[in-house]
$ cat final.cif   # mmCIF, C-alpha atoms
data_my_file
loop_
_atom_site.label_atom_id
_atom_site.label_comp_id
_atom_site.auth_asym_id
_atom_site.auth_seq_id
_atom_site.Cartn_x
_atom_site.Cartn_y
_atom_site.Cartn_z
CA MET A 491 -5.57 -4.25 41.30
CA SER A 492 -5.17 -7.96 42.04
CA GLU A 493 -4.83 -10.53 39.29
CA ASN A 494 -8.35 -11.74 39.99
CA GLU A 495 -9.78 -8.22 39.80
CA PHE A 496 -7.96 -7.65 36.54
CA ARG A 497 -9.45 -10.81 35.03
CA LYS A 498 -12.92 -9.79 36.12
CA SER A 499 -12.57 -6.25 34.79
CA LEU A 500 -11.17 -7.48 31.49
CA ALA A 501 -13.97 -9.99 31.03
CA LYS A 502 -16.61 -7.39 31.92
CA ASP A 503 -15.36 -4.50 29.77
CA PRO A 504 -12.29 -5.39 27.67
CA ASP A 505 -12.35 -2.14 25.68
CA SER A 506 -12.07 0.00 28.81
CA VAL A 507 -9.27 -2.12 30.28
CA LEU A 508 -7.25 -2.30 27.04
CA SER A 509 -7.76 1.42 26.46
CA ALA A 510 -6.49 2.13 29.98
CA ILE A 511 -3.44 -0.10 29.39
CA SER A 512 -2.70 1.75 26.15
CA LYS A 513 -2.92 5.14 27.89
CA ARG A 514 -0.54 3.99 30.62
CA ILE A 515 1.91 2.73 28.00
CA VAL A 516 1.90 6.08 26.18
CA ALA A 517 2.36 8.02 29.42
CA GLY A 518 5.15 5.70 30.54
CA TRP A 519 6.88 5.86 27.17
CA ARG A 520 6.82 9.66 27.14
CA ALA A 521 8.15 9.92 30.67
CA ALA A 522 10.94 7.48 29.83
CA VAL A 523 11.89 9.32 26.65
CA ILE A 524 11.98 12.69 28.42
CA GLU A 525 14.14 11.23 31.16
CA TYR A 526 16.47 9.62 28.61
CA ASP A 527 16.69 12.84 26.61
CA GLY A 528 17.66 14.72 29.76
CA GLU A 529 20.45 12.25 30.44
CA HIS A 530 21.53 11.90 26.79
CA PRO A 531 20.96 15.22 25.00
CA LEU A 532 21.23 15.17 21.21
CA ASN A 533 24.59 16.09 19.72
CA ASP A 534 24.94 18.78 17.04
CA ALA A 535 24.63 16.36 14.12
CA GLU A 536 21.48 14.79 15.55
CA MET A 537 20.01 18.21 16.30
CA LYS A 538 20.53 19.25 12.68
CA ILE A 539 18.43 16.29 11.56
CA ILE A 540 15.70 17.34 14.01
CA GLU A 541 15.85 20.91 12.71
CA SER A 542 15.77 19.81 9.08
CA ASN A 543 12.47 18.08 9.85
CA GLY A 544 11.11 21.14 11.64
CA LEU A 545 10.81 19.33 14.96
CA GLU A 546 13.13 21.47 17.08
CA ASN A 547 10.25 23.14 18.92
CA ASP A 548 8.24 19.98 19.39
CA ASP A 549 7.99 18.01 22.61
CA VAL A 550 11.15 15.90 22.89
CA SER A 551 9.03 12.77 23.21
CA ARG A 552 8.16 13.12 19.51
CA ARG A 553 11.80 12.48 18.59
CA TYR A 554 11.71 8.79 19.41
CA GLY A 555 9.13 6.97 17.33
CA ALA A 556 8.22 3.34 17.73
CA THR A 557 5.61 0.83 16.79
CA LEU A 558 4.39 -1.51 19.51
CA LEU A 559 2.84 -4.99 19.33
CA ILE A 560 1.69 -6.90 22.40
CA GLY A 561 0.32 -10.44 22.59
CA VAL A 562 -1.00 -12.13 25.75
CA ILE A 563 -2.51 -15.62 26.14
CA SER A 564 -3.95 -17.19 29.27
CA GLU A 565 -6.12 -20.25 29.71
CA GLU A 566 -9.25 -18.07 29.81
CA PHE A 567 -8.58 -15.23 27.43
CA SER A 568 -6.19 -13.66 24.95
CA PHE A 569 -5.63 -10.10 23.92
CA GLY A 570 -3.34 -8.06 21.75
CA ILE A 571 -2.54 -4.39 21.37
CA GLN A 572 -0.96 -2.68 18.37
CA ILE A 573 0.11 0.76 17.25
CA GLY A 574 2.02 1.14 14.02
CA ASP A 575 2.72 -1.25 11.18
CA GLY A 576 3.61 -4.92 11.30
CA ALA A 577 1.04 -7.51 12.30
CA LEU A 578 -0.26 -9.70 15.08
CA ILE A 579 -1.15 -13.23 13.98
CA ALA A 580 -3.15 -15.65 16.11
CA ILE A 581 -3.34 -19.43 15.69
CA ASP A 582 -6.00 -21.39 17.52
CA GLU A 583 -6.05 -24.98 18.72
CA LYS A 584 -7.36 -26.17 15.34
CA GLY A 585 -4.66 -24.33 13.41
CA ARG A 586 -7.02 -21.58 12.26
CA THR A 587 -4.91 -18.52 11.61
CA THR A 588 -6.16 -14.96 11.75
CA LYS A 589 -5.05 -11.38 12.01
CA PRO A 590 -7.40 -10.36 14.85
CA ILE A 591 -6.35 -6.71 14.61
CA PRO A 592 -7.10 -5.62 11.04
CA ASP A 593 -4.55 -3.63 9.06
CA ASP A 594 -4.69 0.03 9.96
CA GLU A 595 -5.37 2.15 6.88
CA ALA A 596 -3.25 4.88 8.46
CA CYS A 597 -0.19 2.65 7.97
CA PHE A 598 0.80 2.52 4.34
CA LEU A 599 4.00 2.65 2.34
CA ASN A 600 6.57 4.34 4.58
CA TYR A 601 3.94 5.97 6.75
CA THR A 602 3.07 4.49 10.09
CA THR A 603 1.31 5.49 13.25
CA SER A 604 3.71 5.76 16.16
CA ILE A 605 3.72 5.85 19.89
CA CYS A 606 5.53 9.20 19.69
CA ALA A 607 2.64 10.99 17.95
CA SER A 608 0.76 13.59 19.95
CA ASP A 609 -2.48 11.72 19.20
CA ALA A 610 -0.94 8.25 19.68
CA ILE A 611 -3.74 7.01 21.88
CA GLU A 612 -6.20 7.48 19.01
CA HIS A 613 -4.20 5.00 16.93
CA PHE A 614 -4.03 2.09 19.33
CA ASN A 615 -5.98 -0.97 18.19
CA TRP A 616 -6.64 -4.14 20.14
CA PHE A 617 -8.48 -7.42 20.24
CA TYR A 618 -9.87 -9.50 23.05
CA ASP A 619 -10.83 -13.17 22.82
CA ASN A 620 -12.53 -15.13 25.58
CA THR A 621 -12.87 -18.49 23.85
CA GLY A 622 -9.68 -19.79 25.40
CA GLY A 623 -8.82 -21.40 22.06
CA ILE A 624 -5.81 -19.35 20.98
CA ARG A 625 -2.54 -21.25 21.25
CA TRP A 626 -0.09 -18.94 19.51
CA ILE A 627 0.22 -15.21 19.04
CA MET A 628 3.02 -13.99 16.80
CA VAL A 629 3.93 -10.34 16.51
CA ALA A 630 6.08 -9.22 13.61
CA THR A 631 7.46 -6.01 12.19
CA ASP A 632 6.63 -4.94 8.64
CA GLY A 633 9.92 -6.22 7.24
CA PHE A 634 8.64 -9.73 7.97
CA THR A 635 5.01 -9.28 6.97
CA ASN A 636 5.91 -7.42 3.75
CA SER A 637 8.14 -10.24 2.60
CA PHE A 638 5.18 -12.46 1.68
CA GLN A 639 3.26 -12.45 -1.57
CA SER A 640 -0.10 -12.77 0.14
CA GLN A 641 -1.72 -12.94 3.53
CA ASP A 642 -2.31 -16.66 3.00
CA SER A 643 1.41 -17.14 2.52
CA LEU A 644 2.13 -15.19 5.71
CA PHE A 645 -0.38 -17.32 7.61
CA ARG A 646 1.12 -20.59 6.28
CA GLN A 647 4.56 -19.45 7.38
CA CYS A 648 3.31 -18.62 10.86
CA ARG A 649 1.81 -22.11 11.12
CA ASN A 650 5.08 -23.60 9.83
CA ILE A 651 6.96 -21.68 12.51
CA SER A 652 4.58 -22.75 15.26
CA GLU A 653 4.82 -26.41 14.23
CA HIS A 654 8.58 -26.15 13.94
CA LEU A 655 8.89 -24.68 17.41
CA GLU A 656 6.43 -27.14 18.91
CA SER A 657 8.37 -30.08 17.52
CA ASN A 658 11.96 -29.09 18.14
CA LYS A 659 12.07 -25.59 19.67
CA LYS A 660 14.86 -24.49 17.34
CA TRP A 661 14.58 -20.72 17.23
CA LYS A 662 17.88 -20.74 15.36
CA ASP A 663 16.12 -22.11 12.26
CA VAL A 664 13.50 -19.38 12.51
CA ARG A 665 16.21 -16.77 12.88
CA ASN A 666 17.94 -18.08 9.75
CA ASN A 667 14.71 -17.81 7.82
CA LEU A 668 14.19 -14.23 9.03
CA GLU A 669 17.67 -13.32 7.87
CA LYS A 670 16.86 -14.62 4.38
CA ARG A 671 13.65 -12.63 4.35
CA ALA A 672 15.42 -9.49 5.57
CA GLY A 673 17.59 -9.76 2.48
CA SER A 674 14.54 -9.15 0.33
CA ASP A 675 14.15 -5.65 1.69
CA ALA A 676 17.09 -4.59 3.79
CA ALA A 677 15.54 -1.19 4.48
CA ASP A 678 12.95 -2.70 6.80
CA ASP A 679 13.69 -4.45 10.04
CA THR A 680 12.57 -8.04 10.11
CA SER A 681 11.70 -9.30 13.54
CA LEU A 682 9.30 -11.78 15.07
CA ALA A 683 8.27 -12.70 18.59
CA ALA A 684 5.87 -15.43 19.61
CA VAL A 685 3.97 -16.55 22.68
CA ASN A 686 2.66 -20.10 22.94
CA TYR A 687 0.07 -21.30 25.44
CA ILE A 688 0.27 -24.98 26.29
CA PRO A 689 -2.78 -26.20 28.22
CA VAL A 690 -2.11 -28.28 31.31
CA HIS A 691 -4.34 -31.38 31.20
CA MET B 1318 9.79 -31.26 11.09
CA LYS B 1319 12.52 -30.25 8.70
CA SER B 1320 13.67 -26.64 8.78
CA ASP B 1321 13.30 -26.72 4.94
CA LEU B 1322 9.59 -26.12 5.45
CA LEU B 1323 10.43 -22.72 6.88
CA ASP B 1324 11.88 -21.81 3.49
CA SER B 1325 8.86 -23.04 1.54
CA GLU B 1326 7.02 -19.73 1.36
CA PRO B 1327 8.47 -17.56 -1.41
CA ILE B 1328 9.99 -14.17 -0.64
CA SER B 1329 8.08 -11.44 -2.40
CA ARG B 1330 9.34 -8.70 -4.64
CA LYS B 1331 8.28 -5.10 -4.16
CA GLU B 1332 5.05 -4.31 -5.92
CA GLN B 1333 3.84 -1.36 -7.91
CA VAL B 1334 0.40 -0.95 -9.49
CA LEU B 1335 -0.26 1.01 -12.67
CA PHE B 1336 -3.88 2.11 -13.11
CA TYR B 1337 -5.32 2.96 -16.52
CA ILE B 1338 -8.71 4.66 -16.31
CA VAL B 1339 -10.10 4.62 -19.84
CA ASP B 1340 -12.93 6.77 -21.15
CA ALA B 1341 -15.28 4.45 -23.07
CA SER B 1342 -18.01 6.96 -23.77
CA ARG B 1343 -19.70 7.44 -27.13
CA SER B 1344 -17.42 10.38 -27.96
CA MET B 1345 -14.50 7.95 -27.99
CA ARG B 1346 -16.03 5.93 -30.82
CA GLY B 1347 -14.12 5.28 -34.00
CA ASN B 1348 -10.46 6.06 -34.33
CA LYS B 1349 -9.98 7.22 -30.73
CA ILE B 1350 -10.91 3.97 -29.01
CA ARG B 1351 -9.38 1.86 -31.81
CA THR B 1352 -6.13 3.72 -31.26
CA VAL B 1353 -6.25 3.33 -27.48
CA ASN B 1354 -6.97 -0.41 -27.80
CA ARG B 1355 -4.15 -0.93 -30.28
CA ILE B 1356 -1.66 1.12 -28.27
CA MET B 1357 -2.42 -0.67 -25.03
CA ARG B 1358 -2.26 -4.10 -26.68
CA GLU B 1359 1.18 -3.21 -28.01
CA THR B 1360 2.48 -1.32 -24.98
CA ILE B 1361 1.82 -3.86 -22.26
CA PRO B 1362 4.12 -6.57 -23.65
CA GLU B 1363 6.79 -3.92 -24.18
CA ILE B 1364 6.79 -2.78 -20.55
CA ARG B 1365 7.28 -6.29 -19.18
CA GLY B 1366 10.45 -6.43 -17.19
CA ILE B 1367 10.80 -2.70 -16.52
CA GLY B 1368 10.58 -3.32 -12.80
CA GLY B 1369 13.64 -5.56 -13.00
CA SER B 1370 14.12 -8.40 -10.58
CA ASP B 1371 13.29 -6.20 -7.57
CA THR B 1372 9.81 -5.03 -8.48
CA GLU B 1373 6.67 -6.75 -9.62
CA LEU B 1374 4.58 -4.50 -11.82
CA LYS B 1375 0.80 -4.99 -11.76
CA ILE B 1376 -1.85 -3.43 -13.92
CA ALA B 1377 -5.46 -2.47 -13.23
CA VAL B 1378 -7.70 -1.15 -16.01
CA MET B 1379 -11.11 0.46 -15.61
CA ARG B 1380 -13.41 1.48 -18.45
CA PHE B 1381 -16.05 4.05 -17.71
CA SER B 1382 -19.03 5.46 -19.55
CA ASN B 1383 -22.53 5.20 -18.02
CA GLY B 1384 -20.99 2.97 -15.37
CA CYS B 1385 -17.55 1.58 -14.51
CA GLU B 1386 -16.07 -1.83 -15.13
CA TRP B 1387 -12.67 -3.27 -14.25
CA MET B 1388 -10.99 -5.39 -16.89
CA TYR B 1389 -9.95 -7.81 -14.12
CA ASP B 1390 -11.22 -8.24 -10.57
CA SER B 1391 -7.86 -7.23 -9.08
CA PRO B 1392 -4.50 -5.93 -10.31
CA VAL B 1393 -2.80 -8.45 -12.62
CA SER B 1394 0.94 -8.96 -13.08
CA VAL B 1395 2.18 -7.31 -16.26
CA GLU B 1396 3.68 -10.68 -17.22
CA GLU B 1397 0.19 -12.21 -17.37
CA PHE B 1398 -1.89 -9.22 -18.36
CA VAL B 1399 -3.86 -9.52 -21.61
CA TRP B 1400 -5.64 -6.42 -22.91
CA HIS B 1401 -9.28 -6.91 -23.88
CA ASP B 1402 -10.51 -4.37 -26.37
CA ILE B 1403 -12.82 -1.74 -24.94
CA GLU B 1404 -16.12 -1.05 -26.70
CA PRO B 1405 -17.37 2.55 -26.43
CA GLY B 1406 -20.89 3.80 -25.79
CA GLY B 1407 -22.78 5.92 -23.30
CA TRP B 1408 -22.00 9.01 -21.26
CA THR B 1409 -18.70 10.23 -19.83
CA ASN B 1410 -19.33 9.65 -16.13
CA LEU B 1411 -15.89 10.62 -14.87
CA GLY B 1412 -17.35 11.31 -11.43
CA ALA B 1413 -18.57 7.72 -11.15
CA ALA B 1414 -15.13 6.52 -12.26
CA CYS B 1415 -13.46 8.62 -9.57
CA ARG B 1416 -15.77 7.21 -6.90
CA GLU B 1417 -15.06 3.66 -8.07
CA LEU B 1418 -11.31 4.34 -8.10
CA ASN B 1419 -11.59 5.84 -4.62
CA SER B 1420 -13.24 2.64 -3.36
CA LYS B 1421 -10.46 0.44 -4.78
CA LEU B 1422 -7.56 2.56 -3.47
CA SER B 1423 -7.78 0.88 -0.10
CA ARG B 1424 -5.97 -1.77 1.93
CA GLN B 1425 -9.19 -3.78 1.83
CA GLU B 1426 -9.32 -3.71 -1.98
CA PHE B 1427 -6.69 -3.28 -4.70
CA MET B 1428 -3.97 -2.10 -2.32
CA ARG B 1429 -4.17 -5.09 0.00
CA SER B 1430 -0.98 -6.80 -1.10
CA PRO B 1431 1.25 -7.05 1.99
CA HIS B 1432 4.38 -6.28 -0.01
CA LEU B 1433 3.00 -3.21 -1.74
CA SER B 1434 5.95 -0.88 -1.65
CA TYR B 1435 5.07 2.06 -3.83
CA ALA B 1436 2.21 4.47 -4.32
CA PRO B 1437 0.38 3.77 -7.57
CA VAL B 1438 0.79 5.45 -10.93
CA ILE B 1439 -2.59 6.48 -12.36
CA PHE B 1440 -3.29 7.21 -16.02
CA LEU B 1441 -6.53 8.77 -17.20
CA LEU B 1442 -7.10 8.32 -20.95
CA SER B 1443 -9.97 10.50 -22.10
CA ASP B 1444 -11.14 13.14 -24.54
CA GLY B 1445 -12.54 15.12 -21.62
CA GLY B 1446 -16.10 16.36 -21.49
CA PRO B 1447 -17.41 14.69 -18.30
CA THR B 1448 -21.20 14.50 -18.21
CA ASP B 1449 -21.78 13.92 -14.50
CA ASP B 1450 -20.99 15.67 -11.24
CA TYR B 1451 -17.29 14.88 -11.54
CA GLN B 1452 -15.84 17.82 -9.59
CA LYS B 1453 -17.21 16.67 -6.24
CA ALA B 1454 -16.04 13.10 -6.92
CA VAL B 1455 -12.55 14.29 -7.89
CA TYR B 1456 -12.45 16.36 -4.69
CA GLU B 1457 -13.38 13.32 -2.61
CA LEU B 1458 -10.82 11.20 -4.45
CA GLY B 1459 -8.22 13.83 -3.62
CA SER B 1460 -8.55 13.02 0.06
CA ASN B 1461 -7.69 9.35 -0.54
CA LYS B 1462 -4.12 9.00 0.68
CA TRP B 1463 -3.17 6.48 -2.01
CA PHE B 1464 -4.38 8.90 -4.67
CA LYS B 1465 -2.71 11.82 -2.92
CA HIS B 1466 0.67 10.09 -3.07
CA SER B 1467 0.22 8.62 -6.53
CA LEU B 1468 1.78 9.88 -9.70
CA LYS B 1469 -1.00 11.11 -11.97
CA ILE B 1470 -1.01 11.51 -15.72
CA ALA B 1471 -3.91 12.40 -17.99
CA VAL B 1472 -3.55 11.55 -21.66
CA ALA B 1473 -5.81 13.76 -23.75
CA ILE B 1474 -7.18 11.75 -26.65
CA GLY B 1475 -8.07 13.58 -29.85
CA GLN B 1476 -7.65 17.05 -31.29
CA LYS B 1477 -10.58 18.51 -29.40
CA ALA B 1478 -9.84 16.94 -26.05
CA GLN B 1479 -10.81 19.17 -23.12
CA LYS B 1480 -7.48 19.31 -21.35
CA GLU B 1481 -8.54 21.77 -18.68
CA LYS B 1482 -11.14 19.30 -17.43
CA LEU B 1483 -8.59 16.51 -17.33
CA SER B 1484 -6.25 18.70 -15.30
CA ILE B 1485 -8.80 18.67 -12.47
CA PHE B 1486 -8.06 14.95 -12.18
CA THR B 1487 -4.27 15.34 -12.15
CA GLY B 1488 -4.35 18.51 -10.06
CA ASP B 1489 -1.72 19.97 -12.36
CA PRO B 1490 -2.06 21.02 -16.02
CA GLU B 1491 1.58 20.00 -16.55
CA ALA B 1492 0.54 16.38 -16.02
CA VAL B 1493 -1.94 16.49 -18.92
CA ILE B 1494 -0.26 15.35 -22.08
CA SER B 1495 -1.36 15.08 -25.67
CA THR B 1496 0.11 14.63 -29.08
CA ASN B 1497 -0.79 14.99 -32.68
CA ASN B 1498 -1.24 11.51 -34.08
CA SER B 1499 -1.67 7.88 -33.16
CA HIS B 1500 1.98 6.91 -33.72
CA ALA B 1501 3.12 9.66 -31.40
CA LEU B 1502 0.41 8.74 -28.93
CA ALA B 1503 1.70 5.17 -28.82
CA ALA B 1504 5.23 6.39 -28.10
CA LEU B 1505 3.87 8.84 -25.55
CA ILE B 1506 1.92 6.28 -23.55
CA LYS B 1507 4.73 3.76 -23.61
CA GLN B 1508 7.39 6.26 -22.57
CA ALA B 1509 5.15 7.87 -19.96
CA THR B 1510 4.45 4.44 -18.49
CA ILE B 1511 8.12 3.51 -18.29
CA THR B 1512 9.21 6.91 -16.99
CA SER B 1513 6.52 7.19 -14.33
CA SER B 1514 7.14 3.66 -13.12
CA MET B 1515 10.87 4.28 -12.82
CA ILE B 1516 10.46 7.62 -11.04
CA ASN B 1517 7.90 6.11 -8.71
CA SER B 1518 10.12 3.21 -7.69
CA ALA B 1519 13.31 5.22 -7.33
CA GLU B 1520 14.64 5.58 -3.81
CA HIS B 1521 12.97 8.74 -2.59
CA SER B 1522 11.71 9.43 0.85
CA MET B 1523 7.94 9.76 1.07
CA THR B 1524 8.27 13.42 1.91
CA GLU B 1525 9.38 13.90 -1.67
CA ASP B 1526 6.08 12.99 -3.33
CA ASP B 1527 5.66 16.48 -4.72
CA SER B 1528 9.14 16.45 -6.16
CA LYS B 1529 8.42 13.09 -7.81
CA GLN B 1530 5.38 14.54 -9.58
CA LYS B 1531 7.42 17.62 -10.58
CA LEU B 1532 10.19 15.44 -11.94
CA LEU B 1533 7.63 13.38 -13.83
CA ASN B 1534 6.03 16.53 -15.28
CA GLU B 1535 9.44 17.67 -16.56
CA LYS B 1536 10.06 14.28 -18.12
CA LEU B 1537 6.58 14.26 -19.65
CA HIS B 1538 7.30 17.62 -21.24
CA GLU B 1539 10.48 16.21 -22.76
CA ILE B 1540 8.66 13.10 -23.98
CA VAL B 1541 5.89 15.13 -25.63
CA SER B 1542 8.47 17.31 -27.37
CA SER B 1543 10.46 14.35 -28.59
CA VAL B 1544 7.54 12.33 -29.96
CA ASN B 1545 6.03 15.35 -31.66
CA ASN B 1546 9.37 16.22 -33.22
CA TYR B 1547 10.11 12.93 -34.84
CA ILE B 1548 6.64 12.04 -36.04
CA GLU B 1549 4.82 14.68 -38.01
CA ASP B 1550 2.26 12.90 -40.07
CA GLY B 1551 -0.66 15.00 -38.94
CA TRP B 1552 -3.65 14.42 -36.73
CA ASP B 1553 -5.34 11.12 -37.11
CA VAL B 1554 -6.81 10.47 -33.71
#
$ encode --input "final.cif" --output "structure tokens"
Amino acid sequence: MSENEFRKSLAKDPDSVLSAISKRIVAGWRAAVIEYDGEHPLNDAEMKIIESNGLENDDVSRRYGATLLIGVISEEFSFGIQIGDGALIAIDEKGRTTKPIPDDEACFLNYTTSICASDAIEHFNWFYDNTGGIRWIMVATDGFTNSFQSQDSLFRQCRNISEHLESNKKWKDVRNNLEKRAGSDAADDTSLAAVNYIPVH
Amino acid sequence: MKSDLLDSEPISRKEQVLFYIVDASRSMRGNKIRTVNRIMRETIPEIRGIGGSDTELKIAVMRFSNGCEWMYDSPVSVEEFVWHDIEPGGWTNLGAACRELNSKLSRQEFMRSPHLSYAPVIFLLSDGGPTDDYQKAVYELGSNKWFKHSLKIAVAIGQKAQKEKLSIFTGDPEAVISTNNSHALAALIKQATITSSMINSAEHSMTEDDSKQKLLNEKLHEIVSSVNNYIEDGWDV
């Protein structure tokens, strides 16, 4: 499919296109895990952990869980895909900040949906926006999002980060802040990625 | 822009919510509701700080009789929580209370805090005797994952409390506790609150929910024995 065909298909039926992308991701992930497992079989200690969780007879692809967050911005459209916890935050040209993929009720406490689940495709969520107004998409793991007292506080921080990066592009400062936040709950990983669309006038 | 701004948003503590579902029906009139009001007024200030510097403890209180009413619109920090005395009257619509609780145990409602780290602890304070279709509502509540993973305690109020009906709420008769007078009841509620909160926030994996409730039940048994042993001034609730 050419880039132009993709744009047309996405604009016409975003749900079908994003669903198809999600299915390809799951299939690709499973194939990669099975290949990796064949090249790097588990050692005895790792196998004992698998057995203690009753997973020894399961498909090997279930052994490698992961959450996945994707953010894409173009001049015409934006979309995001998520499975698992964490959050995708969008900021538009007027600074309006949203979580366009609502929190998944299946993700709570230490439970999360995962790309390794046999029904993973049922747990993919996505958004599509054709206003062309989104300037930033940030994707973050739950260690970052859980370190805020409220969603408003999380949104303010995302705007602070976007303004900071727009003005001086110092990711080092952002990294330092993430390290401080990771200290609040060392059990969770604290990571953030961002994509910024700058219109060409 | 200064990098200081990146540090302007405070880092949250872990959060735990304690729910108290209080029977405010007509059968609770008199000494029962007076005792519950007094105990809760006294207990809440005493449990401040039990989460330590790591955990913020929040409280949500619902009264139920003909209908249901939350004392506050959302869970309130124990540091700021002020108990408002509950006035009794009406039927014991436990089923309606369970449906209301079910609606609030959701990411869109009382469990929406992004830093919520623990399943809730849920107390039911009642003399039993539900007057509505409570079994179906309890069954539906049982499928709520927050409820499923919560620690549940029913405190039977009064000598004639119908414990077996309260055990339908907890799912385990061992988690229904009672005592023989108001002084013991005060000690019971306070110690049960502290113990359940500590067990709930201890480092367990989530696959150990059942063992948490079992551990709590054992501790509750010890607490009931201890408060009944050292206070023997007869029934007065």
$ residues_around --input "final.cif" --residues "Ala1471 (chain B)" --least-positions-apart "3" --cutoff "9 Å" --atoms "only C-alpha atoms" --output "ChimeraX atom specification"
/B:1439-1443,1480,1483-1484,1486-1487,1492-1495
$ closest_atom_pairs --input "final.cif" --of "chain A" --to "chain B" --cutoff "8 Å" --atoms "all atoms listed in the file" --output "JSON lines"
{"residue": "A:Asp593", "atom": "CA", "partner": "B:Arg1424", "partner_atom": "CA", "distance": 7.5}
{"residue": "A:Glu595", "atom": "CA", "partner": "B:Arg1424", "partner_atom": "CA", "distance": 6.3}
{"residue": "A:Leu599", "atom": "CA", "partner": "B:Ser1434", "partner_atom": "CA", "distance": 5.7}
{"residue": "A:Asn600", "atom": "CA", "partner": "B:Met1523", "partner_atom": "CA", "distance": 6.6}
{"residue": "A:Tyr601", "atom": "CA", "partner": "B:Met1523", "partner_atom": "CA", "distance": 7.9}
{"residue": "A:Thr635", "atom": "CA", "partner": "B:Pro1431", "partner_atom": "CA", "distance": 6.6}
{"residue": "A:Asn636", "atom": "CA", "partner": "B:His1432", "partner_atom": "CA", "distance": 4.2}
{"residue": "A:Ser637", "atom": "CA", "partner": "B:Ser1329", "partner_atom": "CA", "distance": 5.1}
{"residue": "A:Phe638", "atom": "CA", "partner": "B:Ser1329", "partner_atom": "CA", "distance": 5.1}
{"residue": "A:Gln639", "atom": "CA", "partner": "B:Ser1329", "partner_atom": "CA", "distance": 5.0}
{"residue": "A:Ser640", "atom": "CA", "partner": "B:Ser1430", "partner_atom": "CA", "distance": 6.2}
{"residue": "A:Gln641", "atom": "CA", "partner": "B:Pro1431", "partner_atom": "CA", "distance": 6.8}
{"residue": "A:Ser643", "atom": "CA", "partner": "B:Glu1326", "partner_atom": "CA", "distance": 6.3}
{"residue": "A:Leu644", "atom": "CA", "partner": "B:Glu1326", "partner_atom": "CA", "distance": 8.0}
{"residue": "A:Arg646", "atom": "CA", "partner": "B:Glu1326", "partner_atom": "CA", "distance": 7.7}
{"residue": "A:Gln647", "atom": "CA", "partner": "B:Glu1326", "partner_atom": "CA", "distance": 6.5}
{"residue": "A:Asn650", "atom": "CA", "partner": "B:Leu1323", "partner_atom": "CA", "distance": 6.2}
{"residue": "A:Ile651", "atom": "CA", "partner": "B:Leu1323", "partner_atom": "CA", "distance": 6.7}
{"residue": "A:Glu653", "atom": "CA", "partner": "B:Met1318", "partner_atom": "CA", "distance": 7.6}
{"residue": "A:His654", "atom": "CA", "partner": "B:Met1318", "partner_atom": "CA", "distance": 6.0}
{"residue": "A:Ser657", "atom": "CA", "partner": "B:Met1318", "partner_atom": "CA", "distance": 6.7}
{"residue": "A:Asn658", "atom": "CA", "partner": "B:Met1318", "partner_atom": "CA", "distance": 7.7}
{"residue": "A:Asp663", "atom": "CA", "partner": "B:Ser1320", "partner_atom": "CA", "distance": 6.2}
{"residue": "A:Val664", "atom": "CA", "partner": "B:Leu1323", "partner_atom": "CA", "distance": 7.2}
{"residue": "A:Asn667", "atom": "CA", "partner": "B:Asp1324", "partner_atom": "CA", "distance": 6.5}
{"residue": "A:Arg671", "atom": "CA", "partner": "B:Ile1328", "partner_atom": "CA", "distance": 6.4}
{"residue": "A:Ser674", "atom": "CA", "partner": "B:Ile1328", "partner_atom": "CA", "distance": 6.8}
$ write_last_selection --input "final.cif" --atoms "C-alpha atoms" --output "tab-separated table (two decimals), in the coordinates of the input"
chain	number	residue	atom	x	y	z
A	593	ASP	CA	-4.55	-3.63	9.06
A	595	GLU	CA	-5.37	2.15	6.88
A	599	LEU	CA	4.00	2.65	2.34
A	600	ASN	CA	6.57	4.34	4.58
A	601	TYR	CA	3.94	5.97	6.75
A	635	THR	CA	5.01	-9.28	6.97
A	636	ASN	CA	5.91	-7.42	3.75
A	637	SER	CA	8.14	-10.24	2.60
A	638	PHE	CA	5.18	-12.46	1.68
A	639	GLN	CA	3.26	-12.45	-1.57
A	640	SER	CA	-0.10	-12.77	0.14
A	641	GLN	CA	-1.72	-12.94	3.53
A	643	SER	CA	1.41	-17.14	2.52
A	644	LEU	CA	2.13	-15.19	5.71
A	646	ARG	CA	1.12	-20.59	6.28
A	647	GLN	CA	4.56	-19.45	7.38
A	650	ASN	CA	5.08	-23.60	9.83
A	651	ILE	CA	6.96	-21.68	12.51
A	653	GLU	CA	4.82	-26.41	14.23
A	654	HIS	CA	8.58	-26.15	13.94
A	657	SER	CA	8.37	-30.08	17.52
A	658	ASN	CA	11.96	-29.09	18.14
A	663	ASP	CA	16.12	-22.11	12.26
A	664	VAL	CA	13.50	-19.38	12.51
A	667	ASN	CA	14.71	-17.81	7.82
A	671	ARG	CA	13.65	-12.63	4.35
A	674	SER	CA	14.54	-9.15	0.33
$ closest_residue --input "final.cif" --among "A:Phe569, A:Pro504, A:Ala607, A:Met537" --to "Lys589 (chain A)" --atoms "all atoms listed in the file"
A:Phe569
$ resolve_selection --input "final.cif" --expression "the PyMOL selection byres ((chain B and resi 1438) around 8)" --output "ChimeraX atom specification"
/B:1334-1336,1436-1437,1439-1440,1467-1470,1513-1514,1517
$ atom_distance --input "final.cif" --atom1 "CA of Tyr554 (chain A)" --atom2 "CA of Asn1461 (chain B)"
27.8 Å
$ resolve_selection --input "final.cif" --expression "the PyMOL selection byres ((chain A and resi 563) around 12)" --output "number ranges by chain"
A: 560-562, 564-570, 580-582, 617-628, 684-689
$ closest_residue --input "final.cif" --among "A:Ile579, A:Thr557, A:Lys670, A:Arg586" --to "Thr602 (chain A)" --atoms "all atoms listed in the file"
A:Thr557
